[in-house]
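Heads up, entry.tsv below (TSV, C-alpha atoms and all ligand atoms):
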```tsv
chain	number	residue	atom	x	y	z
M	1	MET	CA	-1.99	35.52	3.24
M	2	LYS	CA	-2.99	37.97	0.50
M	3	PRO	CA	-5.16	36.41	-2.23
M	4	LEU	CA	-3.20	35.48	-5.34
M	5	PRO	CA	-4.14	37.95	-8.07
M	6	PRO	CA	-5.44	36.77	-11.45
M	7	GLY	CA	-2.48	36.20	-13.77
M	8	SER	CA	-0.68	34.15	-11.08
M	9	THR	CA	0.26	30.57	-11.91
M	10	ILE	CA	-1.32	27.55	-10.24
M	11	GLY	CA	0.97	24.50	-10.28
M	12	ILE	CA	-0.69	21.08	-10.32
M	13	LEU	CA	1.07	17.78	-9.64
M	14	GLY	CA	-0.47	15.17	-11.93
M	15	GLY	CA	-1.82	15.29	-15.46
M	16	GLY	CA	-5.12	13.38	-15.27
M	17	GLN	CA	-8.75	14.41	-15.66
M	18	LEU	CA	-8.98	15.99	-12.21
M	19	GLY	CA	-6.05	18.23	-13.16
M	20	ARG	CA	-7.79	19.05	-16.43
M	21	MET	CA	-11.01	20.12	-14.69
M	22	LEU	CA	-9.01	22.06	-12.05
M	23	ALA	CA	-7.22	23.81	-14.92
M	24	HIS	CA	-10.54	24.77	-16.56
M	25	ALA	CA	-11.72	26.30	-13.26
M	26	ALA	CA	-8.43	28.11	-12.65
M	27	GLN	CA	-8.49	29.57	-16.14
M	28	GLN	CA	-12.04	30.85	-15.59
M	29	LEU	CA	-10.70	32.88	-12.66
M	30	GLY	CA	-7.87	34.31	-14.74
M	31	PHE	CA	-5.03	32.09	-13.55
M	32	ASP	CA	-2.42	30.32	-15.64
M	33	VAL	CA	-1.85	26.62	-14.99
M	34	ALA	CA	1.38	24.65	-15.06
M	35	ILE	CA	1.28	20.85	-14.78
M	36	TYR	CA	4.08	18.69	-13.37
M	37	THR	CA	3.75	15.06	-14.37
M	38	ASP	CA	5.84	12.04	-15.25
M	39	GLU	CA	3.60	11.19	-18.22
M	40	PRO	CA	3.40	13.35	-21.34
M	41	ASP	CA	0.13	13.82	-23.25
M	42	GLY	CA	-2.28	13.46	-20.32
M	43	PRO	CA	-5.74	15.06	-20.11
M	44	ALA	CA	-4.43	18.04	-18.09
M	45	THR	CA	-1.25	18.68	-20.04
M	46	ARG	CA	-3.27	19.39	-23.17
M	47	VAL	CA	-5.14	22.29	-21.54
M	48	ALA	CA	-2.37	23.81	-19.40
M	49	ALA	CA	-0.24	26.81	-20.35
M	50	ARG	CA	2.92	24.86	-19.48
M	51	THR	CA	3.85	21.29	-18.70
M	52	PHE	CA	6.91	20.10	-16.82
M	53	ILE	CA	7.74	16.46	-17.39
M	54	GLY	CA	9.81	14.94	-14.62
M	55	ALA	CA	9.94	12.22	-12.01
M	56	TYR	CA	8.22	12.91	-8.68
M	57	GLN	CA	11.58	12.23	-7.00
M	58	ASP	CA	13.63	14.60	-9.18
M	59	ALA	CA	14.58	17.36	-6.72
M	60	SER	CA	16.12	19.69	-9.28
M	61	ALA	CA	13.17	19.44	-11.72
M	62	LEU	CA	10.81	20.05	-8.77
M	63	ALA	CA	12.85	23.08	-7.66
M	64	ASP	CA	12.59	24.51	-11.18
M	65	PHE	CA	8.79	23.97	-11.12
M	66	ALA	CA	8.58	25.58	-7.65
M	67	ARG	CA	10.25	28.75	-8.98
M	68	ARG	CA	7.77	29.10	-11.82
M	69	VAL	CA	4.48	28.78	-9.94
M	70	ASP	CA	2.77	30.72	-7.15
M	71	VAL	CA	1.13	27.78	-5.38
M	72	VAL	CA	1.24	24.02	-5.90
M	73	THR	CA	-1.54	21.52	-5.43
M	74	THR	CA	-2.09	17.92	-6.39
M	75	GLU	CA	-4.72	16.11	-8.39
M	76	PHE	CA	-3.96	12.59	-7.14
M	77	GLU	CA	-3.13	11.44	-3.66
M	78	ASN	CA	-0.33	9.07	-4.55
M	79	VAL	CA	2.09	11.92	-5.16
M	80	PRO	CA	4.84	11.06	-2.66
M	81	ALA	CA	4.62	13.30	0.42
M	82	GLU	CA	8.41	13.77	-0.10
M	83	THR	CA	7.60	15.48	-3.42
M	84	ALA	CA	5.47	18.05	-1.59
M	85	GLU	CA	8.24	18.47	0.99
M	86	ALA	CA	10.87	19.00	-1.73
M	87	LEU	CA	8.66	21.70	-3.27
M	88	ILE	CA	8.29	23.44	0.09
M	89	ALA	CA	12.06	23.25	0.63
M	90	ALA	CA	12.46	24.91	-2.78
M	91	GLY	CA	10.25	27.79	-1.62
M	92	ALA	CA	6.83	26.78	-3.00
M	93	ARG	CA	3.58	27.16	-1.13
M	94	VAL	CA	1.88	23.74	-1.19
M	95	ALA	CA	-1.77	23.02	-0.37
M	96	PRO	CA	-2.98	20.73	1.01
M	97	SER	CA	-0.06	20.04	3.34
M	98	PRO	CA	2.28	17.04	2.95
M	99	ASN	CA	1.05	15.45	6.20
M	100	ALA	CA	-2.56	15.29	4.93
M	101	LEU	CA	-1.19	13.61	1.78
M	102	ALA	CA	0.92	11.19	3.81
M	103	VAL	CA	-1.99	10.05	6.00
M	104	ALA	CA	-4.34	9.58	3.03
M	105	GLN	CA	-1.74	7.48	1.18
M	106	ASP	CA	-1.64	4.70	3.72
M	107	ARG	CA	-4.90	2.90	4.44
M	108	PHE	CA	-3.73	1.81	7.89
M	109	ASP	CA	-2.59	5.30	8.93
M	110	GLU	CA	-5.78	6.75	7.49
M	111	LYS	CA	-8.08	4.43	9.44
M	112	SER	CA	-5.98	4.89	12.61
M	113	TYR	CA	-6.29	8.62	12.10
M	114	PHE	CA	-10.09	8.41	11.70
M	115	GLN	CA	-10.32	6.46	14.94
M	116	SER	CA	-8.17	8.96	16.82
M	117	ALA	CA	-10.49	11.71	15.55
M	118	GLY	CA	-13.53	9.82	16.89
M	119	ILE	CA	-14.74	8.77	13.42
M	120	ASP	CA	-15.93	5.14	13.16
M	121	THR	CA	-14.28	2.74	10.69
M	122	PRO	CA	-14.74	-0.96	9.89
M	123	PRO	CA	-12.61	-3.15	12.19
M	124	PHE	CA	-9.10	-3.32	10.72
M	125	ALA	CA	-5.60	-4.66	11.32
M	126	ALA	CA	-2.24	-4.17	9.63
M	127	VAL	CA	-0.86	-7.37	8.06
M	128	SER	CA	2.65	-7.86	6.78
M	129	SER	CA	2.82	-11.66	6.53
M	130	GLN	CA	0.53	-14.65	6.00
M	131	ALA	CA	0.77	-15.41	9.75
M	132	GLU	CA	-0.38	-11.88	10.60
M	133	LEU	CA	-3.19	-12.22	8.08
M	134	GLU	CA	-4.37	-15.43	9.74
M	135	ALA	CA	-4.22	-13.78	13.18
M	136	ALA	CA	-6.19	-10.79	11.84
M	137	VAL	CA	-8.84	-13.09	10.30
M	138	ALA	CA	-9.18	-14.87	13.66
M	139	GLU	CA	-9.79	-11.53	15.33
M	140	ILE	CA	-11.94	-9.72	12.74
M	141	GLY	CA	-13.72	-12.71	11.20
M	142	LEU	CA	-15.01	-13.31	7.67
M	143	PRO	CA	-16.15	-11.91	5.31
M	144	ALA	CA	-13.33	-9.40	5.14
M	145	ILE	CA	-11.35	-7.45	2.54
M	146	LEU	CA	-7.59	-7.54	2.26
M	147	LYS	CA	-6.20	-4.35	0.72
M	148	THR	CA	-2.72	-3.06	0.04
M	149	ARG	CA	-1.80	-0.32	2.51
M	150	ARG	CA	-0.50	1.93	-0.24
M	151	LEU	CA	-1.15	2.71	-3.90
M	152	GLY	CA	-4.57	1.08	-4.15
M	153	TYR	CA	-7.38	2.88	-5.94
M	154	ASP	CA	-10.61	2.08	-7.80
M	155	GLY	CA	-10.77	-1.35	-6.17
M	156	ARG	CA	-7.23	-2.31	-7.30
M	157	GLY	CA	-5.04	-4.08	-4.80
M	158	GLN	CA	-8.01	-5.72	-3.02
M	159	ILE	CA	-8.91	-9.33	-2.31
M	160	ARG	CA	-12.28	-10.35	-0.86
M	161	LEU	CA	-12.05	-13.14	1.69
M	162	THR	CA	-15.37	-14.89	2.12
M	163	LYS	CA	-14.52	-18.37	3.39
M	164	ALA	CA	-11.58	-19.97	5.18
M	165	GLU	CA	-10.09	-21.37	1.92
M	166	ASP	CA	-9.75	-17.82	0.54
M	167	VAL	CA	-7.26	-16.99	3.29
M	168	ALA	CA	-4.60	-19.53	2.31
M	169	GLY	CA	-1.99	-17.84	0.11
M	170	ALA	CA	-3.90	-14.52	0.11
M	171	TYR	CA	-0.98	-12.51	1.50
M	172	ASP	CA	1.30	-13.67	-1.32
M	173	LYS	CA	-1.40	-12.85	-3.84
M	174	LEU	CA	-1.62	-9.33	-2.44
M	175	GLY	CA	2.16	-9.06	-2.70
M	176	ALA	CA	2.62	-6.02	-0.45
M	177	PRO	CA	2.01	-4.91	3.14
M	178	GLY	CA	-1.71	-4.80	3.69
M	179	ILE	CA	-4.66	-4.03	5.89
M	180	LEU	CA	-7.46	-6.47	6.66
M	181	GLU	CA	-10.85	-4.82	7.00
M	182	GLY	CA	-14.05	-6.39	8.26
M	183	PHE	CA	-16.69	-6.42	5.51
M	184	CYS	CA	-19.23	-3.72	6.18
M	185	ALA	CA	-22.81	-4.68	5.22
M	186	PHE	CA	-23.76	-1.17	4.26
M	187	GLU	CA	-27.12	0.24	3.08
M	188	CYS	CA	-25.42	2.70	0.78
M	189	GLU	CA	-22.17	4.55	0.18
M	190	VAL	CA	-21.97	8.32	0.48
M	191	SER	CA	-19.27	10.93	0.24
M	192	ILE	CA	-18.87	14.36	1.69
M	193	ILE	CA	-16.87	16.96	-0.18
M	194	ALA	CA	-15.88	20.05	1.74
M	195	ALA	CA	-13.43	22.88	1.33
M	196	ARG	CA	-11.49	24.89	3.89
M	197	GLY	CA	-10.06	28.29	3.07
M	198	VAL	CA	-6.84	29.86	4.37
M	199	ASP	CA	-8.94	31.78	6.94
M	200	GLY	CA	-10.35	28.50	8.31
M	201	SER	CA	-13.82	29.00	6.80
M	202	ILE	CA	-15.50	25.80	5.55
M	203	GLU	CA	-18.08	25.17	2.81
M	204	TYR	CA	-19.76	21.77	2.52
M	205	PHE	CA	-21.33	20.32	-0.60
M	206	ASP	CA	-24.45	18.24	0.02
M	207	LEU	CA	-23.82	14.58	0.67
M	208	CYS	CA	-23.94	12.43	-2.45
M	209	GLU	CA	-24.72	8.74	-2.83
M	210	ASN	CA	-22.33	6.53	-4.79
M	211	GLU	CA	-22.63	3.20	-6.56
M	212	HIS	CA	-19.57	1.20	-7.57
M	213	ALA	CA	-19.10	-1.54	-10.14
M	214	SER	CA	-15.95	-3.69	-9.88
M	215	GLY	CA	-14.62	-1.24	-7.27
M	216	ILE	CA	-14.93	1.75	-9.64
M	217	LEU	CA	-17.43	4.55	-9.09
M	218	SER	CA	-20.18	4.15	-11.67
M	219	ARG	CA	-22.98	6.49	-10.56
M	220	THR	CA	-23.45	9.36	-8.13
M	221	GLN	CA	-26.89	10.58	-7.09
M	222	MET	CA	-27.48	13.98	-5.67
M	223	PRO	CA	-29.04	14.26	-3.14
M	224	ALA	CA	-28.25	11.10	-1.18
M	225	HIS	CA	-31.25	9.25	0.27
M	226	VAL	CA	-30.18	9.67	3.87
M	227	SER	CA	-31.54	11.39	6.95
M	228	GLU	CA	-30.67	14.91	8.05
M	229	LEU	CA	-28.70	13.36	10.91
M	230	VAL	CA	-26.42	11.44	8.52
M	231	GLU	CA	-25.76	14.70	6.67
M	232	VAL	CA	-24.96	16.49	9.95
M	233	ASN	CA	-22.65	13.69	11.12
M	234	ALA	CA	-20.76	13.63	7.81
M	235	ARG	CA	-20.20	17.39	8.02
M	236	GLU	CA	-18.99	17.08	11.59
M	237	ALA	CA	-16.48	14.38	10.59
M	238	ALA	CA	-15.24	16.48	7.66
M	239	LYS	CA	-14.82	19.51	9.91
M	240	ARG	CA	-12.78	17.54	12.41
M	241	VAL	CA	-10.39	16.31	9.73
M	242	LEU	CA	-10.12	19.70	7.98
M	243	ASP	CA	-9.41	21.59	11.20
M	244	ALA	CA	-6.96	18.99	12.55
M	245	PHE	CA	-4.78	19.25	9.43
M	246	ASP	CA	-5.19	23.05	9.21
M	247	TYR	CA	-6.25	21.98	5.75
M	248	VAL	CA	-6.48	24.29	2.76
M	249	GLY	CA	-8.40	23.07	-0.29
M	250	VAL	CA	-11.04	20.43	-1.06
M	251	LEU	CA	-11.17	17.18	0.90
M	252	THR	CA	-13.42	14.16	0.34
M	253	ILE	CA	-14.40	11.48	2.83
M	254	GLU	CA	-16.18	8.32	1.67
M	255	PHE	CA	-18.48	6.58	4.14
M	256	PHE	CA	-20.61	3.48	4.36
M	257	VAL	CA	-24.09	4.14	5.80
M	258	ILE	CA	-25.21	1.19	7.90
M	259	GLY	CA	-28.72	0.09	8.89
M	260	ASP	CA	-29.12	2.24	12.00
M	261	GLY	CA	-28.10	5.36	10.07
M	262	SER	CA	-24.59	5.53	11.49
M	263	LEU	CA	-21.58	6.34	9.34
M	264	VAL	CA	-18.44	4.27	8.95
M	265	ALA	CA	-15.50	5.97	7.21
M	266	ASN	CA	-13.88	4.08	4.34
M	267	GLU	CA	-11.30	6.52	3.06
M	268	MET	CA	-10.41	10.11	2.47
M	269	ALA	CA	-8.98	11.83	-0.57
M	270	PRO	CA	-7.03	15.07	-0.07
M	271	ARG	CA	-8.32	16.45	-3.34
M	272	VAL	CA	-11.30	16.96	-5.59
M	273	HIS	CA	-13.15	13.71	-6.17
M	274	ASN	CA	-14.98	11.78	-8.87
M	275	SER	CA	-18.16	11.82	-6.76
M	276	GLY	CA	-18.09	15.64	-6.90
M	277	HIS	CA	-18.27	16.02	-10.66
M	278	TRP	CA	-21.98	16.84	-10.37
M	279	THR	CA	-20.95	20.17	-8.78
M	280	ILE	CA	-19.86	21.55	-12.18
M	281	GLU	CA	-23.49	21.97	-13.19
M	282	GLY	CA	-25.31	21.21	-9.93
M	283	ALA	CA	-23.78	23.66	-7.44
M	284	LEU	CA	-23.24	27.41	-7.42
M	285	THR	CA	-19.48	26.83	-7.18
M	286	SER	CA	-17.94	23.62	-8.54
M	287	GLN	CA	-15.57	21.54	-6.42
M	288	PHE	CA	-12.81	22.50	-8.88
M	289	GLU	CA	-13.37	26.24	-8.56
M	290	GLN	CA	-13.71	25.84	-4.79
M	291	HIS	CA	-10.33	24.14	-4.58
M	292	ILE	CA	-8.66	26.83	-6.70
M	293	ARG	CA	-10.29	29.57	-4.60
M	294	ALA	CA	-9.07	27.93	-1.38
M	295	ILE	CA	-5.45	27.42	-2.43
M	296	ALA	CA	-5.28	30.91	-3.97
M	297	GLY	CA	-6.42	32.42	-0.67
M	298	TRP	CA	-9.67	33.67	-2.18
M	299	PRO	CA	-12.98	33.61	-0.31
M	300	LEU	CA	-14.75	30.28	-0.80
M	301	GLY	CA	-17.78	30.29	-3.10
M	302	SER	CA	-21.21	29.05	-2.10
M	303	ALA	CA	-21.47	25.25	-2.28
M	304	LYS	CA	-25.26	25.45	-2.51
M	305	ARG	CA	-26.92	22.88	-4.75
M	306	VAL	CA	-28.90	24.43	-7.61
M	307	ALA	CA	-30.29	21.23	-9.14
M	308	ASP	CA	-30.73	17.58	-8.26
M	309	CYS	CA	-28.60	15.44	-10.52
M	310	GLU	CA	-27.15	12.10	-11.41
M	311	MET	CA	-23.58	11.60	-12.60
M	312	PHE	CA	-22.50	8.53	-14.60
M	313	ASN	CA	-18.89	7.72	-15.29
M	314	LEU	CA	-18.02	6.71	-18.84
M	315	ILE	CA	-15.66	3.80	-18.31
M	316	GLY	CA	-13.73	2.27	-21.19
M	317	GLU	CA	-15.92	1.69	-24.22
M	318	GLN	CA	-18.94	3.43	-22.66
M	319	ALA	CA	-17.38	6.65	-23.93
M	320	LEU	CA	-17.92	5.47	-27.51
M	321	GLN	CA	-21.60	6.40	-26.99
M	322	TRP	CA	-20.74	10.08	-26.96
M	323	GLU	CA	-22.91	10.80	-29.97
M	324	ALA	CA	-26.12	9.48	-28.39
M	325	ILE	CA	-25.31	11.23	-25.11
M	326	ALA	CA	-24.64	14.49	-26.93
M	327	ALA	CA	-28.13	14.24	-28.44
M	328	ASP	CA	-29.82	13.98	-25.02
M	329	PRO	CA	-30.93	17.47	-23.98
M	330	SER	CA	-30.81	16.60	-20.25
M	331	ALA	CA	-27.24	15.29	-20.37
M	332	ARG	CA	-24.07	17.35	-19.91
M	333	LEU	CA	-21.19	15.43	-21.50
M	334	HIS	CA	-17.58	15.68	-20.32
M	335	LEU	CA	-14.83	13.82	-22.17
M	336	TYR	CA	-11.27	13.84	-20.86
M	337	GLY	CA	-9.45	13.57	-24.20
M	338	LYS	CA	-7.76	10.26	-23.36
M	339	ARG	CA	-6.37	8.66	-26.48
M	340	ASP	CA	-7.62	5.09	-26.06
M	341	ALA	CA	-10.67	3.65	-24.32
M	342	ARG	CA	-8.97	0.87	-22.33
M	343	THR	CA	-11.12	-1.37	-20.10
M	344	GLY	CA	-11.65	0.15	-16.65
M	345	ARG	CA	-10.29	3.55	-17.68
M	346	LYS	CA	-12.29	6.66	-16.79
M	347	MET	CA	-12.82	8.32	-20.16
M	348	GLY	CA	-15.42	10.91	-19.24
M	349	HIS	CA	-18.65	11.47	-17.35
M	350	VAL	CA	-22.21	12.60	-17.92
M	351	THR	CA	-24.29	14.68	-15.56
M	352	LYS	CA	-28.05	14.59	-15.92
M	353	LEU	CA	-29.79	17.52	-14.33
M	354	LYS	CA	-33.28	17.29	-12.86
M	355	LEU	CA	-34.38	20.86	-13.22
M	356	ARG	CA	-36.87	22.04	-10.62
A	1	LIG	P1	-11.88	1.39	-1.74
A	1	LIG	O1	-10.82	1.27	-2.79
A	1	LIG	O2	-11.38	1.15	-0.36
A	1	LIG	O3	-12.65	2.68	-1.86
A	1	LIG	O4	-12.92	0.24	-2.06
A	1	LIG	C1	-13.68	0.22	-3.26
A	1	LIG	C2	-15.10	-0.25	-2.97
A	1	LIG	O5	-15.06	-1.59	-2.40
A	1	LIG	C3	-15.84	0.58	-1.93
A	1	LIG	O6	-16.40	1.74	-2.49
A	1	LIG	C4	-16.88	-0.42	-1.46
A	1	LIG	O7	-17.92	-0.56	-2.40
A	1	LIG	C5	-16.09	-1.71	-1.40
A	1	LIG	N1	-15.49	-1.87	-0.07
A	1	LIG	C6	-14.24	-1.45	0.31
A	1	LIG	N2	-14.01	-1.72	1.61
A	1	LIG	C7	-15.11	-2.31	2.09
A	1	LIG	C8	-15.51	-2.83	3.39
A	1	LIG	N3	-14.67	-2.80	4.45
A	1	LIG	N4	-16.75	-3.37	3.49
A	1	LIG	C9	-17.59	-3.43	2.42
A	1	LIG	N5	-17.29	-2.97	1.20
A	1	LIG	C10	-16.07	-2.42	1.02
```
Can you give me the file's structure in the form of structure tokens?
Ligand code: AMP
Amino acid sequence: MKPLPPGSTIGILGGGQLGRMLAHAAQQLGFDVAIYTDEPDGPATRVAARTFIGAYQDASALADFARRVDVVTTEFENVPAETAEALIAAGARVAPSPNALAVAQDRFDEKSYFQSAGIDTPPFAAVSSQAELEAAVAEIGLPAILKTRRLGYDGRGQIRLTKAEDVAGAYDKLGAPGILEGFCAFECEVSIIAARGVDGSIEYFDLCENEHASGILSRTQMPAHVSELVEVNAREAAKRVLDAFDYVGVLTIEFFVIGDGSLVANEMAPRVHNSGHWTIEGALTSQFEQHIRAIAGWPLGSAKRVADCEMFNLIGEQALQWEAIAADPSARLHLYGKRDARTGRKMGHVTKLKLR
């Protein structure tokens, strides 16, 4: 494929903050950005050249979007894989491919896929009734976590099962087909972010270490406090997944690091990721620019880290402290332009650089 020339239009499915930061990066390289979303007035729609409002199932609105853009990507993984297929049928080039989206959307398929690729996961079982949940608990044991198979994110759609009494009625509480996962007593959580270009070349960002509060990412440290071997193993796992899907774009895999230094995969995101926001200031090429380069058929940039850093999410009312953060010379403030600071909502982030 010939690289898309500047002046081409990048189409993005989804109007959230990841779309907004992708749009900033695309614009830096001379591209126009068009957003397709079912919600007006999102963070990305306010920075894009054009916005198409439509349902993700609306074939004729999608076909219209496909005609007006040169490549389509997505900023959230819950875009139905059928949406990506409808865009392809309408003549659009879509990256990453619908099958990578489909696998990442279903926690059971995703963990089955990891296992088939030789990547360790916590023990897991699909459950679609209370009886199946009880059988899975008998096999996997407690503590365990019951999660919805689909549409869960930021710790939503999860129930922790610690003791036998927690199991009674838990399937009804979940209210949807689920997966039971053995609880993994991890030392820390890390994520690898890597990009694959149309020519199959891969660039890896350094592994970062993540802390969550109430299931939502709160802090990312770069670098992660892990051995060289953990870093090598994470890259190897990312390469396997990227090559197997003939993937184009940025992919993230989240892992638990357990006591003996081995890695257990939790989930993958076929997109740029919250734990990669540090790359805007901390790497030669940001994850956002890297993704745009990949899907536009450009050479990938260097993912080399230029500074150690710490990234904090501004969740809900934390964003009201923007004035104090703006006065801190070591802090780089990013606000997503969301209209109201609801509890649990990602309003922005701050990256603190540790200059060498
Ligand atoms: P998830 O939505 O699957 O990324 O889960 C959100 C967070 O819950 C993770 O980042 C972990 O901190 C925790 N968690 C999820 N699954 C497990 C597990 N099997 N064992 C231990 N902690 C987990």
Residues within 7 Å of ligand LIG 1 (chain A), counting all atoms listed in the file: report them as a PDB file with C-alpha atoms, in the coordinates of the input.
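Once everything was written out, this is result.pdb:
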```pdb
ATOM      1  CA  PRO M 122     -14.740  -0.960   9.890  1.00  0.00           C
ATOM      2  CA  ALA M 144     -13.330  -9.400   5.140  1.00  0.00           C
ATOM      3  CA  ILE M 145     -11.350  -7.450   2.540  1.00  0.00           C
ATOM      4  CA  GLY M 152      -4.570   1.080  -4.150  1.00  0.00           C
ATOM      5  CA  TYR M 153      -7.380   2.880  -5.940  1.00  0.00           C
ATOM      6  CA  ASP M 154     -10.610   2.080  -7.800  1.00  0.00           C
ATOM      7  CA  GLY M 155     -10.770  -1.350  -6.170  1.00  0.00           C
ATOM      8  CA  ARG M 156      -7.230  -2.310  -7.300  1.00  0.00           C
ATOM      9  CA  GLU M 181     -10.850  -4.820   7.000  1.00  0.00           C
ATOM     10  CA  GLY M 182     -14.050  -6.390   8.260  1.00  0.00           C
ATOM     11  CA  PHE M 183     -16.690  -6.420   5.510  1.00  0.00           C
ATOM     12  CA  CYS M 184     -19.230  -3.720   6.180  1.00  0.00           C
ATOM     13  CA  ALA M 185     -22.810  -4.680   5.220  1.00  0.00           C
ATOM     14  CA  PHE M 186     -23.760  -1.170   4.260  1.00  0.00           C
ATOM     15  CA  GLU M 189     -22.170   4.550   0.180  1.00  0.00           C
ATOM     16  CA  HIS M 212     -19.570   1.200  -7.570  1.00  0.00           C
ATOM     17  CA  GLY M 215     -14.620  -1.240  -7.270  1.00  0.00           C
ATOM     18  CA  ILE M 216     -14.930   1.750  -9.640  1.00  0.00           C
ATOM     19  CA  ASN M 266     -13.880   4.080   4.340  1.00  0.00           C
ATOM     20  CA  GLU M 267     -11.300   6.520   3.060  1.00  0.00           C
TER      21      GLU M 267
END
```
Q: Quick one: residues within 10 Å of (-9.1, 17.7, -2.2) (file frame), counting all atoms listed in the file, please, as a ChimeraX atom specification.
A: /M:73-77,95-96,100-101,193-196,247-253,268-273,287-288,290-291
Next, dump the selected residues to file, keeping only C-alpha atoms, as a short mmCIF file (atom, residue, chain, number, x, y, z; two decimals), in the coordinates of the input.
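This went into result35.cif:
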```
data_model
loop_
_atom_site.label_atom_id
_atom_site.label_comp_id
_atom_site.auth_asym_id
_atom_site.auth_seq_id
_atom_site.Cartn_x
_atom_site.Cartn_y
_atom_site.Cartn_z
CA THR M 73 -1.54 21.52 -5.43
CA THR M 74 -2.09 17.92 -6.39
CA GLU M 75 -4.72 16.11 -8.39
CA PHE M 76 -3.96 12.59 -7.14
CA GLU M 77 -3.13 11.44 -3.66
CA ALA M 95 -1.77 23.02 -0.37
CA PRO M 96 -2.98 20.73 1.01
CA ALA M 100 -2.56 15.29 4.93
CA LEU M 101 -1.19 13.61 1.78
CA ILE M 193 -16.87 16.96 -0.18
CA ALA M 194 -15.88 20.05 1.74
CA ALA M 195 -13.43 22.88 1.33
CA ARG M 196 -11.49 24.89 3.89
CA TYR M 247 -6.25 21.98 5.75
CA VAL M 248 -6.48 24.29 2.76
CA GLY M 249 -8.40 23.07 -0.29
CA VAL M 250 -11.04 20.43 -1.06
CA LEU M 251 -11.17 17.18 0.90
CA THR M 252 -13.42 14.16 0.34
CA ILE M 253 -14.40 11.48 2.83
CA MET M 268 -10.41 10.11 2.47
CA ALA M 269 -8.98 11.83 -0.57
CA PRO M 270 -7.03 15.07 -0.07
CA ARG M 271 -8.32 16.45 -3.34
CA VAL M 272 -11.30 16.96 -5.59
CA HIS M 273 -13.15 13.71 -6.17
CA GLN M 287 -15.57 21.54 -6.42
CA PHE M 288 -12.81 22.50 -8.88
CA GLN M 290 -13.71 25.84 -4.79
CA HIS M 291 -10.33 24.14 -4.58
#
```
Q) With all atoms listed in the file as the atoms that count, which of M:Ser201, M:Ser128, M:Ser262, M:Thr148 lies nearest to Pro299 of chain M? A)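 Looking at the shortest contact to Pro299 of chain M, the residue is M:Ser201.
Checking M:Thr9, M:Met347, M:Ala23, M:Asn99 one by one against Arg67 of chain M, counting only C-alpha atoms, you find the shortest gap at M:Thr9.
Using all atoms listed in the file, the nearest neighbour of Ile12 of chain M within the list M:Ala136, M:Cys188, M:Ile295, M:Ile159 is M:Ile295.
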Q. Which distance in Å separates atom CA of Asp32 of chain M and atom CA of Lys346 of chain M, to one decimal?
A.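 According to the coordinates, atom CA of Asp32 of chain M and atom CA of Lys346 of chain M are separated by 25.7 Å.
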Q: Excluding Val33 of chain M and any residue of its chain fewer than 4 positions from it, enumerate the residues within 8 Å of it, using all atoms listed in the file, and give them as an NGL selection string.
A: :M and (9-12 or 23 or 26-27 or 48-50)
Q | Interatomic distance (Å, one decimal) between atom CA of Leu174 of chain M and atom CA of Arg345 of chain M | A | 21.8 Å
Q: Dump as a PyMOL selection string all residues having an atom at most 7 Å from (7.0, 20.7, -13.6), computed in the file's coordinates with all atoms listed in the file.
A: chain M and resi 35-37+51-54+61-62+65
Which neighbours of Asp172 of chain M fall inside 10 Å, counting only C-alpha atoms, when residues of the same chain fewer than 5 positions from it are skipped, and could you give them as a short mmCIF file (atom, residue, chain, number, x, y, z; two decimals) with C-alpha atoms, in the coordinates of the input?
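Done, and the output landed in part36.cif:
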```cif
data_model
loop_
_atom_site.label_atom_id
_atom_site.label_comp_id
_atom_site.auth_asym_id
_atom_site.auth_seq_id
_atom_site.Cartn_x
_atom_site.Cartn_y
_atom_site.Cartn_z
CA SER M 129 2.82 -11.66 6.53
CA GLN M 130 0.53 -14.65 6.00
CA PRO M 177 2.01 -4.91 3.14
#
```
Q: Would you please work out which residue, of M:Pro98, M:Gly15, M:Gly276, M:Gly344, is nearest to Pro223 of chain M when using only C-alpha atoms?
A: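 Of all the options, M:Gly276 lies closest to Pro223 of chain M.
The smallest atom-to-atom distance between Ala102 of chain M and any of M:Leu18, M:Phe245, M:Ala170, M:Arg235, using all atoms listed in the file, is found for M:Phe245.
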(Q) I'd like to know which of M:Ala303, M:Val127, M:Val198, M:Leu217 is closest to Lys2 of chain M, using only C-alpha atoms. (A) M:Val198
Q) Expressed in Å to a single decimal, how great is the separation between atom CA of Asn78 of chain M and atom CA of Arg150 of chain M? A) 8.3 Å
**Q.** Selection: 8 Å around Phe124 of chain M, all atoms listed in the file, excl. self and same-chain fewer than 2 positions, as a PyMOL selection string
**A.** chain M and resi 108+111+121-122+126+140+179-182
Determine the axis-aligned bounding box of all atoms of segment 129-147 of chain M present in the file, pad each side by 4 Å, and express its centre and edge lengths in Å to one decimal place as lines of an AutoDock Vina configuration file.
```
center_x = -6.7
center_y = -9.9
center_z = 8.0
size_x = 27.0
size_y = 19.1
size_z = 22.6
```
Q. Residues at most 7 Å from Lys352 of chain M, counting only C-alpha atoms, excluding those fewer than 6 positions away in the same chain, as an NGL selection string?
A. :M and (309-311 or 330-332)
Selected residues written out with C-alpha atoms, as a short mmCIF file (atom, residue, chain, number, x, y, z; two decimals), keeping the file's coordinate frame:
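This went into out14.cif:
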```cif
data_model
loop_
_atom_site.label_atom_id
_atom_site.label_comp_id
_atom_site.auth_asym_id
_atom_site.auth_seq_id
_atom_site.Cartn_x
_atom_site.Cartn_y
_atom_site.Cartn_z
CA CYS M 309 -28.60 15.44 -10.52
CA GLU M 310 -27.15 12.10 -11.41
CA MET M 311 -23.58 11.60 -12.60
CA SER M 330 -30.81 16.60 -20.25
CA ALA M 331 -27.24 15.29 -20.37
CA ARG M 332 -24.07 17.35 -19.91
#
```
